[in-house]
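Below you'll find the structure, written out as structure tokens, and then a few comments.
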Amino acid sequence: MSEQPPATFEESEEDTANDTVEIETETEIETPVSTGASSVIRALEVAGVETCFGVQGGAIMPVYDALYDSSIRHITMAHEQGAAHAADAYGIVSGTPGVCLATSGPGATNLVTGIADASMDSDPMIALTGQVPTAFVGNDAFQETDTTGLTAPITKTNYFATDSDSVGDTVGEAFAVSGTGRPGPTVVDLPKDVTNGQTDREPGKPRTPSTYDPPTEADSEAVEQAARTLERAEKPVILAGGGVIKGEASEELREFATEYDIPVVTTMPALGAFPEDHELAMEMAGMHGTGYANMAVTHCDVMLAVGCRFDDRLTGGVETFAPDAKLLHVDIDPAEISKNIAADVALIGDAGTVLEQLEDEMERAPDIPEWNDQCTTWKAEYPMDYAVPSEASSDDSPTSSRTPQDRPLRPEFVVEAMDEATSDEAIVTTGVGQHQMWACQYWTYRHPRTWVSSHGLGTMGYGLPAAIGAKVAEPEKQVVCFEGDGSFLMTCQELSVAVRENLDITVAVLNNAAVGMVRQWQDAFFEGRHSASQYPWVPAFDKLAEAFGAQGFAVHEYDEVADTIEAAVAYDGPSVIDFHIDPGANVYPMVPSGGDNGQFALSEDQL
Amino acid sequence: MSGESDPQQVNGLQGPAPEERPHPSGRRNSQGIRIDPEVEAEPAPRRTVISALVENEPGVLAKASGLVSRRQFNIESLTVGTTTNPETSRITLVIEESEPGIRQVEKQLEKLLPVISVQELSSDAIRRELVVLKVPGNEPDKVQAVAQMYDGTVLDAGPRTISIEITGDEGKIDDAIDAFQQFGIRELARTGQTAMARGDVWTTDVEEERYERMHEDWRKQSTTANDD
Ligand SMILES: Cc1ncc(C[n+]2csc(CCOP(=O)(O)OP(=O)(O)O)c2C)c(N)n1
């Protein structure tokens with residue numbers, strides 16, 4: 001998969017008048033199209049799809065039957081939510097839409113969480129759902145749900161297929177729309193009579209409809225105005241969003257930032273958009289961002305934001321977000337401009353193109369040595385650090401007599417150890433909770449498309465199915481999944497898939513026997529009343545892994561960490577390490593929701 | 001756990017406490033607009049008409065109305081009907097939003113794939129609404145007189161009820177309803193506003209081009225028909 005060039009999204013020559021985007025791919029034609037279902041599969045082949053994820057069922061059976069003759073690899077998942085997350089992760093890592101399939105009714109509703117997740121994070125993904133025959137629609141037939149109705153608010157667009165002749169082109173359009181412009185999930189609902197119906201019509205190349213016309217170049221006057229503003233800035237920052245990665249603009253970003261020496265802050269989806277070991281990297285801003293990123297964001301006078309949507313976890317209260325900054329906002333989606341934070345200059349276009357336009361327009365670098373010093377000072381003032389209780393020093397009890405409870409494992413230490421044991425290009429996926437935040441904070445991201453997480457929706461259980469999708473998309477890369485005990489329990493059945501497909505992934509469960517993020521908030525905001533947040537019933541995850549046929553490990557002590565990680569990473573197949581971490585560990589810095597980013601708390605007593 | 005003070009809970013994070021840090025002087029309002037802290041005014045909402053030309057396909061109305069509701073846009077009315085081209089429909093929305101809200105309505109509508117073009121109409125646009133109201137039939141002459149004042153048409157008159165239709169802009173309809181209130185309005189149905197740009201201006205920006213193209217197609221068709 002990784003050797004194959006991804007489908008490219010280019011303007012087709014013949015059809016520029018119609019302003020559609022056609023996707024160029026190469027495929028060999030196999031069996032001729034005979035039914036709606038076979039034209040659906042042909043459309044996927046023509047789109048260059050090599051893998052899809054799904055679960056069988058009554059209404060989608062014709063499509064699976066057509067898949068039987070195709071070279072497209074199908075990975076049966078344990079649950080449709082897993083199929084959607086795997087397809088989503090495949091899309092994030094490969095940059096081309098991931099494909100998932102499910103039957104009508106419960107199959108489709110089980111996809112919904114994954115589709116919503118892809119929608120919040122603007123990930124390219126296409127879901128094909130079976131539907132009861134058209135004549136039964138609206139009668140509450142067996143396994144009928146209004147899938148297009150359910151998914152309308154969580155898709156870029158969706159389709160209800162109406163006839164066998166055109167269904168292949170509909171699938172092609174859904175594929176093209178999903179991956180073009182600002183990506184997003186699309187759904188094609190496939191009534192059984194449409195997929196069973198006869199047709200010999202070969203679907204064409206995937207193309208977007210003529211009404212869809214994403215911008216590329218920003219208005220030149222706006223570019224001029226932005227360049228003049230940046231040249232005169234005294235305290236500029238670049239805020240890189242997920243759009244930098246989706247727009248393949250990481251190179252342009254790095255060039256731009258280094259040429260003008262402007263510090264770069266990233267949003268959470270943008271981890272990897274800018275190398276975190278670079279001296280200009282201020283890393284992640286927002287609720288659990290670094291202190292220095294939040295100081296830079298709060299005190300900047302000009303902010304060049306690229307491909308971000310100013311989510312409330314980033315901004316905190318909008319009243320106090322970058323309150324002195326003129327905002328130069330680059331986005332391919334005009335609706336993001338001034339949606340949450342008013343832009344002073346709107347640069348509507350493709351991230352990489354606009355950054356190049358800006359670079360061409362800049363006449364001089366801003367004169368900001370003091371600001372650069374200030375940013376360096378903040379880095380020194382608010383280091384990302386955690387205290388590992390020393391083995392013997394500070395207290396009188398001898399090391400030998402100490403139990404693991406005396407020296408509970410710090411989760412941050414585990415994240416750093418995993419980072420150290422794997423390559424710079426390793427892909428990280430996560431569930432949702434404290435473990436996800438530690439994975440953001442203590443892993444050093446250097447490359448785009450190495451960070452795969454559920455940002456906007458915050459879906460617990462995302463990590464494992466996402467690791468499966470990521471590994472299938474990039475079989476040559478190491479894939480590490482951080483999960484919490486609560487989050488892992490939501491989708492751990494997908495281990496069966498990882499074992500069956502022999503996927504070499506390493507799952508690190510940061511087990512604190514609690515839904516830790518909730519427990520942290522209860523301690524901070526609910527007077528420590530631990531309502532439904534403790535998980536004393538967590539299984540032994542190492543044994544659970546073995547029951548599935550994966551390799552299982554358990555770690556309680558610092559001494560075991562490095563060796564166990566080494567063994568787990570070396571194991572050729574899925575492995576799970578159950579890290580019994582400090583159950584009291586909390587995520588800081590923290591900006592309480594709606595708070596002032598500059599007032600981040602470094603510990604609970606500062607909240 | 002961490003609520004109790006645990007000597008092992010050394011937090012490794014350091015740095016000046018929040019109150020020791022510098023503060024920026026500026027502020028934004030709740031809409032993310034940088035403001036003068038002395039005048040923390042929120043932009044006032046205003047009522048306006050948005051016209052959207054859309055592909056005439058199933059689900060388009062559901063998509064548009066679903067968008068309006070889930071984004072909590074403050075909407076007065078939404079009407080839909082076909083246009084000269086059977087493949088397109090026009091959706092007319094009357095909304096009451098602040099300036100940033102109006103821009104969001106436009107841009108979010110524009111994002112829907114079946115939506116071809118969206119335009120906020122200027123204040124001089126032609127706007128019309130139709131109301132049908134039913135009053136008791138015991139004072140037919142007085143009812144007739146009021147109906148005439150508003151260029152109304154009596155649609156149905158009987159001893160028990162009289163039904164009247166009135167067309168006009170929103171203000172006229174509101175006034176007429178007020179005037180009929182004296183008889184006691186039994187039932188009332190309003191269509192919501194439809195609207196069009198006034199004079200030699202196209203309602204949305206793609207319509208001129210689409211109109212030209214459609215006419216060209218017609219011309220071509222009629223010439224090929226003549227050739228046969
Ligand atoms: C599907 C879903 N349900 C509930 C939540 C609310 N939630 C957010 S974080 C969290 C705790 C997660 O616990 P765990 O997976 O153990 O991770 P930890 O925070 O302990 O690292 C919960 C319950 C969610 N984000 N997603």
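Labels for the structure tokens follow display order: chains A, B, ..., residues from 1 in each chain, ligands from 1.
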
Under the rule of at most 10 Å, produce a per-residue listing of chain B near chain A: chain, number, name, the closest pair of atoms, and the distance in Å, as a tab-separated table, using only C-alpha atoms.
residue	atom	partner	partner_atom	distance
B:Met1	CA	A:Gly584	CA	5.5
B:Ser2	CA	A:Gly584	CA	4.8
B:Gly3	CA	A:Asp523	CA	5.6
B:Glu4	CA	A:Gly528	CA	8.8
B:Asp6	CA	A:Gly584	CA	9.1
B:Gln8	CA	A:Pro389	CA	7.0
B:Gln9	CA	A:Gly584	CA	7.7
B:Val10	CA	A:Ala387	CA	6.0
B:Asn11	CA	A:Ala387	CA	6.0
B:Gly12	CA	A:Tyr386	CA	3.7
B:Leu13	CA	A:Asp385	CA	5.3
B:Gln14	CA	A:Tyr382	CA	5.7
B:Gly15	CA	A:Tyr382	CA	4.9
B:Pro16	CA	A:Glu381	CA	7.5
B:Ala17	CA	A:Gln606	CA	7.4
B:Pro18	CA	A:Gln599	CA	4.9
B:Glu19	CA	A:Gln599	CA	7.7
B:Glu20	CA	A:Gln599	CA	9.6
B:Arg21	CA	A:Gly598	CA	7.9
B:Pro22	CA	A:Gly598	CA	8.5
B:His23	CA	A:Gly598	CA	7.5
B:Pro24	CA	A:His299	CA	6.0
B:Ser25	CA	A:Asp324	CA	7.1
B:Gly26	CA	A:Pro323	CA	4.8
B:Arg27	CA	A:Pro323	CA	4.7
B:Arg28	CA	A:Glu319	CA	4.2
B:Asn29	CA	A:Glu319	CA	5.3
B:Ser30	CA	A:Glu319	CA	5.9
B:Gln31	CA	A:Asn340	CA	6.4
B:Gly32	CA	A:Ile341	CA	4.1
B:Ile33	CA	A:Ala342	CA	5.0
B:Arg34	CA	A:Pro323	CA	6.5
B:Ile35	CA	A:Pro323	CA	8.7
B:Val54	CA	A:Thr211	CA	9.5
B:Glu55	CA	A:Thr211	CA	9.0
B:Pro58	CA	A:Phe160	CA	9.0
B:Gly59	CA	A:Gly149	CA	8.6
B:Ala62	CA	A:Gly149	CA	8.3
B:Lys63	CA	A:Ala152	CA	6.8
B:Gly66	CA	A:Pro153	CA	7.4
B:Leu67	CA	A:Pro153	CA	7.3
B:Arg70	CA	A:Pro153	CA	8.0
B:Pro100	CA	A:Ser338	CA	7.4
B:Gly101	CA	A:Lys339	CA	8.5
B:Arg103	CA	A:Ala335	CA	8.3
B:Gln104	CA	A:Ala335	CA	6.3
B:Val105	CA	A:Ala335	CA	8.9
B:Glu106	CA	A:Ala335	CA	8.5
B:Lys107	CA	A:Ala335	CA	5.0
B:Gln108	CA	A:Ala335	CA	5.9
B:Leu109	CA	A:Ala335	CA	9.3
B:Glu110	CA	A:Ala335	CA	8.7
B:Lys111	CA	A:Ala335	CA	7.8
B:Leu112	CA	A:Thr157	CA	7.2
B:Leu113	CA	A:Tyr212	CA	6.4
B:Pro114	CA	A:Thr211	CA	7.0
B:Val115	CA	A:Thr211	CA	7.2
B:Ile116	CA	A:Thr211	CA	5.6
B:Ser117	CA	A:Thr211	CA	8.6

Output the neighbourhood of ligand 1 as a PyMOL selection string, that is, all protein and nucleic acid residues with some atom at most 8 Å from the ligand, counting only C-alpha atoms and all ligand atoms.
chain A and resi 431-436+457-461+483-490+510-519+533

Dump N, CA and C atoms for the selected residues as a compact mmCIF listing (two decimals), in the first residue's frame?
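What follows is the written file result-v8.txt:
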# COMPACT_ATOMS: atom_id res chain seq x y z
N GLY A 431 -6.72 6.45 22.52
CA GLY A 431 -8.11 6.55 22.96
C GLY A 431 -8.35 7.97 23.44
N VAL A 432 -9.31 8.15 24.33
CA VAL A 432 -9.61 9.50 24.81
C VAL A 432 -9.59 9.53 26.33
N GLY A 433 -8.89 10.49 26.85
CA GLY A 433 -8.79 10.65 28.30
C GLY A 433 -7.42 11.20 28.63
N GLN A 434 -7.02 11.00 29.88
CA GLN A 434 -5.73 11.52 30.32
C GLN A 434 -4.58 10.95 29.49
N HIS A 435 -4.67 9.65 29.19
CA HIS A 435 -3.58 8.99 28.45
C HIS A 435 -3.35 9.67 27.10
N GLN A 436 -4.44 10.13 26.50
CA GLN A 436 -4.36 10.82 25.21
C GLN A 436 -3.57 12.13 25.37
N LEU A 457 -14.43 14.99 18.41
CA LEU A 457 -15.52 14.25 19.04
C LEU A 457 -15.08 13.68 20.37
N GLY A 458 -13.79 13.37 20.51
CA GLY A 458 -13.31 12.79 21.77
C GLY A 458 -13.95 11.44 22.03
N THR A 459 -13.74 10.50 21.12
CA THR A 459 -14.40 9.21 21.19
C THR A 459 -13.55 8.19 21.92
N MET A 460 -13.95 7.81 23.12
CA MET A 460 -13.25 6.73 23.82
C MET A 460 -13.31 5.47 22.96
N GLY A 461 -12.24 4.70 22.97
CA GLY A 461 -12.21 3.46 22.18
C GLY A 461 -11.68 3.66 20.78
N GLU A 483 -3.82 3.65 25.14
CA GLU A 483 -5.22 3.55 25.55
C GLU A 483 -5.31 3.70 27.07
N GLY A 484 -6.48 4.14 27.52
CA GLY A 484 -6.78 4.11 28.95
C GLY A 484 -7.54 2.83 29.24
N ASP A 485 -7.64 2.47 30.49
CA ASP A 485 -8.36 1.22 30.79
C ASP A 485 -9.84 1.34 30.40
N GLY A 486 -10.43 2.49 30.66
CA GLY A 486 -11.84 2.67 30.31
C GLY A 486 -12.04 2.71 28.80
N SER A 487 -11.22 3.48 28.14
CA SER A 487 -11.32 3.65 26.69
C SER A 487 -11.05 2.32 25.97
N PHE A 488 -10.05 1.58 26.44
CA PHE A 488 -9.69 0.31 25.79
C PHE A 488 -10.84 -0.68 25.87
N LEU A 489 -11.56 -0.64 27.01
CA LEU A 489 -12.67 -1.59 27.19
C LEU A 489 -13.79 -1.36 26.18
N MET A 490 -13.81 -0.19 25.56
CA MET A 490 -14.90 0.10 24.62
C MET A 490 -14.72 -0.59 23.27
N LEU A 510 -2.49 2.62 29.60
CA LEU A 510 -2.09 3.36 30.80
C LEU A 510 -3.21 3.17 31.81
N ASN A 511 -3.04 2.13 32.61
CA ASN A 511 -4.13 1.64 33.46
C ASN A 511 -4.07 2.29 34.84
N ASN A 512 -5.07 3.15 35.09
CA ASN A 512 -5.16 3.77 36.42
C ASN A 512 -6.42 3.32 37.14
N ALA A 513 -7.03 2.25 36.64
CA ALA A 513 -8.24 1.69 37.27
C ALA A 513 -9.30 2.75 37.52
N ALA A 514 -9.42 3.65 36.58
CA ALA A 514 -10.42 4.71 36.69
C ALA A 514 -10.61 5.34 35.32
N VAL A 515 -11.77 5.97 35.11
CA VAL A 515 -11.84 6.87 33.97
C VAL A 515 -11.20 8.17 34.46
N GLY A 516 -9.88 8.19 34.27
CA GLY A 516 -9.05 9.15 34.97
C GLY A 516 -9.37 10.60 34.66
N MET A 517 -9.70 10.89 33.42
CA MET A 517 -9.98 12.28 33.08
C MET A 517 -11.20 12.78 33.84
N VAL A 518 -12.17 11.89 34.00
CA VAL A 518 -13.37 12.25 34.74
C VAL A 518 -13.01 12.42 36.23
N ARG A 519 -12.22 11.47 36.74
CA ARG A 519 -11.79 11.55 38.13
C ARG A 519 -11.02 12.84 38.39
N SER A 533 -16.58 6.91 38.54
CA SER A 533 -15.34 7.13 37.79
C SER A 533 -14.25 6.13 38.15

Using backbone DSSP assignments, extract all helix (DSSP H, G or I) residues from segment 59-101 of chain A; output them as a list in words.
Ala59, Ile60, Met61, Pro62, Val63, Tyr64, Asp65, Ala66, Leu67, Glu80, Gln81, Gly82, Ala83, Ala84, His85, Ala86, Ala87, Asp88, Ala89, Tyr90, Gly91, Ile92, Val93 and Ser94 of chain A

Would you mind exporting the chosen residues as an mmCIF file, in the first residue's frame, restricted to N, CA, C and O atoms?
data_model
loop_
_atom_site.group_PDB
_atom_site.id
_atom_site.type_symbol
_atom_site.label_atom_id
_atom_site.label_comp_id
_atom_site.auth_asym_id
_atom_site.auth_seq_id
_atom_site.Cartn_x
_atom_site.Cartn_y
_atom_site.Cartn_z
ATOM 1 N N ALA A 59 -28.733 -6.407 4.221
ATOM 2 C CA ALA A 59 -28.978 -5.431 3.165
ATOM 3 C C ALA A 59 -27.725 -5.103 2.354
ATOM 4 O O ALA A 59 -27.823 -4.596 1.240
ATOM 5 N N ILE A 60 -26.549 -5.403 2.896
ATOM 6 C CA ILE A 60 -25.313 -5.085 2.167
ATOM 7 C C ILE A 60 -24.760 -6.333 1.461
ATOM 8 O O ILE A 60 -23.750 -6.270 0.757
ATOM 9 N N MET A 61 -25.434 -7.466 1.590
ATOM 10 C CA MET A 61 -24.912 -8.722 1.033
ATOM 11 C C MET A 61 -24.624 -8.677 -0.469
ATOM 12 O O MET A 61 -23.601 -9.213 -0.914
ATOM 13 N N PRO A 62 -25.467 -8.029 -1.263
ATOM 14 C CA PRO A 62 -25.132 -7.966 -2.693
ATOM 15 C C PRO A 62 -23.776 -7.304 -2.943
ATOM 16 O O PRO A 62 -23.019 -7.726 -3.811
ATOM 17 N N VAL A 63 -23.466 -6.276 -2.153
ATOM 18 C CA VAL A 63 -22.194 -5.567 -2.330
ATOM 19 C C VAL A 63 -21.032 -6.482 -1.933
ATOM 20 O O VAL A 63 -20.009 -6.562 -2.627
ATOM 21 N N TYR A 64 -21.209 -7.197 -0.819
ATOM 22 C CA TYR A 64 -20.162 -8.136 -0.410
ATOM 23 C C TYR A 64 -20.006 -9.246 -1.434
ATOM 24 O O TYR A 64 -18.900 -9.741 -1.673
ATOM 25 N N ASP A 65 -21.103 -9.622 -2.062
ATOM 26 C CA ASP A 65 -21.002 -10.665 -3.074
ATOM 27 C C ASP A 65 -20.157 -10.179 -4.248
ATOM 28 O O ASP A 65 -19.330 -10.911 -4.784
ATOM 29 N N ALA A 66 -20.355 -8.924 -4.616
ATOM 30 C CA ALA A 66 -19.555 -8.361 -5.717
ATOM 31 C C ALA A 66 -18.093 -8.209 -5.292
ATOM 32 O O ALA A 66 -17.171 -8.358 -6.099
ATOM 33 N N LEU A 67 -17.884 -7.949 -4.007
ATOM 34 C CA LEU A 67 -16.530 -7.781 -3.481
ATOM 35 C C LEU A 67 -15.733 -9.094 -3.581
ATOM 36 O O LEU A 67 -14.504 -9.100 -3.669
ATOM 37 N N GLU A 80 -18.971 -2.442 13.845
ATOM 38 C CA GLU A 80 -18.945 -1.419 12.790
ATOM 39 C C GLU A 80 -18.266 -0.135 13.253
ATOM 40 O O GLU A 80 -17.668 0.580 12.446
ATOM 41 N N GLN A 81 -18.361 0.185 14.536
ATOM 42 C CA GLN A 81 -17.647 1.382 15.010
ATOM 43 C C GLN A 81 -16.158 1.228 14.722
ATOM 44 O O GLN A 81 -15.485 2.177 14.312
ATOM 45 N N GLY A 82 -15.667 -0.003 14.931
ATOM 46 C CA GLY A 82 -14.264 -0.288 14.634
ATOM 47 C C GLY A 82 -13.968 -0.098 13.154
ATOM 48 O O GLY A 82 -12.911 0.424 12.784
ATOM 49 N N ALA A 83 -14.917 -0.504 12.305
ATOM 50 C CA ALA A 83 -14.719 -0.347 10.857
ATOM 51 C C ALA A 83 -14.615 1.132 10.498
ATOM 52 O O ALA A 83 -13.756 1.542 9.696
ATOM 53 N N ALA A 84 -15.472 1.932 11.098
ATOM 54 C CA ALA A 84 -15.456 3.366 10.793
ATOM 55 C C ALA A 84 -14.158 4.012 11.287
ATOM 56 O O ALA A 84 -13.524 4.796 10.564
ATOM 57 N N HIS A 85 -13.728 3.677 12.509
ATOM 58 C CA HIS A 85 -12.487 4.269 13.024
ATOM 59 C C HIS A 85 -11.278 3.793 12.223
ATOM 60 O O HIS A 85 -10.338 4.566 11.982
ATOM 61 N N ALA A 86 -11.291 2.522 11.827
ATOM 62 C CA ALA A 86 -10.167 2.007 11.041
ATOM 63 C C ALA A 86 -10.100 2.732 9.696
ATOM 64 O O ALA A 86 -9.025 3.151 9.254
ATOM 65 N N ALA A 87 -11.255 2.919 9.063
ATOM 66 C CA ALA A 87 -11.285 3.629 7.781
ATOM 67 C C ALA A 87 -10.841 5.078 7.972
ATOM 68 O O ALA A 87 -10.102 5.640 7.146
ATOM 69 N N ASP A 88 -11.278 5.680 9.062
ATOM 70 C CA ASP A 88 -10.920 7.062 9.375
ATOM 71 C C ASP A 88 -9.397 7.191 9.519
ATOM 72 O O ASP A 88 -8.765 8.074 8.919
ATOM 73 N N ALA A 89 -8.812 6.275 10.294
ATOM 74 C CA ALA A 89 -7.362 6.312 10.514
ATOM 75 C C ALA A 89 -6.614 6.041 9.206
ATOM 76 O O ALA A 89 -5.589 6.666 8.923
ATOM 77 N N TYR A 90 -7.159 5.126 8.419
ATOM 78 C CA TYR A 90 -6.563 4.842 7.111
ATOM 79 C C TYR A 90 -6.532 6.136 6.287
ATOM 80 O O TYR A 90 -5.527 6.461 5.643
ATOM 81 N N GLY A 91 -7.616 6.878 6.335
ATOM 82 C CA GLY A 91 -7.700 8.150 5.610
ATOM 83 C C GLY A 91 -6.713 9.179 6.142
ATOM 84 O O GLY A 91 -6.074 9.902 5.376
ATOM 85 N N ILE A 92 -6.563 9.241 7.465
ATOM 86 C CA ILE A 92 -5.647 10.218 8.072
ATOM 87 C C ILE A 92 -4.212 9.911 7.652
ATOM 88 O O ILE A 92 -3.447 10.802 7.275
ATOM 89 N N VAL A 93 -3.854 8.642 7.706
ATOM 90 C CA VAL A 93 -2.473 8.249 7.471
ATOM 91 C C VAL A 93 -2.128 8.287 5.978
ATOM 92 O O VAL A 93 -1.040 8.694 5.592
ATOM 93 N N SER A 94 -3.090 7.872 5.138
ATOM 94 C CA SER A 94 -2.789 7.787 3.701
ATOM 95 C C SER A 94 -3.136 9.070 2.943
ATOM 96 O O SER A 94 -2.627 9.306 1.854
#

Which residues come within 8 Å of segment 251-255 of chain A, counting only C-alpha atoms, excluding same-chain residues fewer than 6 positions away, as a VMD selection string?
chain A and resid 244 274 352 355 to 356

Restricting to only C-alpha atoms, whichever of B:Glu129, B:Asp174, B:Asp200, B:Glu139 is closest to Gly158 of chain B is B:Glu139

DSSP-assigned strand (DSSP E or B) members of segment 36-91 of chain B, reported as a ChimeraX atom specification:
/B:46-55,75-82,88-91

Mind dumping the selected residues with C-alpha atoms as an mmCIF file, in the first residue's frame?
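See out-v5.cif below for the written result:
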data_model
loop_
_atom_site.group_PDB
_atom_site.id
_atom_site.type_symbol
_atom_site.label_atom_id
_atom_site.label_comp_id
_atom_site.auth_asym_id
_atom_site.auth_seq_id
_atom_site.Cartn_x
_atom_site.Cartn_y
_atom_site.Cartn_z
ATOM 1 C CA ARG B 46 -31.067 42.621 12.341
ATOM 2 C CA ARG B 47 -33.692 40.998 10.180
ATOM 3 C CA THR B 48 -32.692 40.140 6.657
ATOM 4 C CA VAL B 49 -33.550 37.945 3.684
ATOM 5 C CA ILE B 50 -31.252 35.280 2.296
ATOM 6 C CA SER B 51 -31.950 33.659 -1.040
ATOM 7 C CA ALA B 52 -30.396 30.325 -1.974
ATOM 8 C CA LEU B 53 -30.502 28.721 -5.383
ATOM 9 C CA VAL B 54 -30.358 24.955 -4.921
ATOM 10 C CA GLU B 55 -30.349 21.755 -6.952
ATOM 11 C CA ILE B 75 -35.008 31.967 11.648
ATOM 12 C CA GLU B 76 -38.323 33.667 10.970
ATOM 13 C CA SER B 77 -39.416 31.771 7.888
ATOM 14 C CA LEU B 78 -38.163 29.427 5.204
ATOM 15 C CA THR B 79 -39.931 28.969 1.902
ATOM 16 C CA VAL B 80 -39.077 26.866 -1.103
ATOM 17 C CA GLY B 81 -40.312 26.587 -4.670
ATOM 18 C CA THR B 82 -39.126 25.791 -8.174
ATOM 19 C CA THR B 88 -33.270 24.244 -9.491
ATOM 20 C CA SER B 89 -35.325 25.552 -6.601
ATOM 21 C CA ARG B 90 -35.125 28.731 -4.615
ATOM 22 C CA ILE B 91 -35.075 28.713 -0.839
#

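Between Thr92 of chain B and the candidates B:Lys220, B:Asp151, B:Gln193, B:Asp175, the tightest atom-to-atom separation, counting only C-alpha atoms, involves B:Gln193.
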
Set the distance at 12 Å and use only C-alpha atoms: which residues neighbour Thr151 of chain A once local chain neighbours fewer than 2 positions away are removed? I'd like the list as a VMD selection string.
(chain A and resid 108 to 119 126 to 129 145 to 149 153 to 160 185 to 189) or (chain B and resid 62 to 63 66)

Ala43 of chain A proximity check over A:Val472, A:Ile23, A:Ala540, A:Val415, using only C-alpha atoms: winner is A:Ile23

Between atom CA of Leu328 of chain A and atom CA of Arg228 of chain A, what is the distance in Å, rounded to a tenth?
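Pair atom CA of Leu328 of chain A / atom CA of Arg228 of chain A returns 11.1 Å.
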
Give me the residues near Leu130 of chain B as an MDAnalysis selection string, where near means some atom within 6 Å (using only C-alpha atoms) and where sequence neighbours in that chain fewer than 5 positions away do not count.
chainID B and resid 166:167 190:191

Emit the selected residues as a tab-separated table (two decimals), in the first residue's frame, including C-alpha atoms.
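Heads up, here's the output in again-v4.tsv:
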chain	number	residue	atom	x	y	z
B	166	ILE	CA	-53.92	39.19	1.53
B	167	THR	CA	-50.58	39.53	-0.20
B	190	ARG	CA	-49.02	32.52	6.52
B	191	THR	CA	-46.71	31.32	3.76
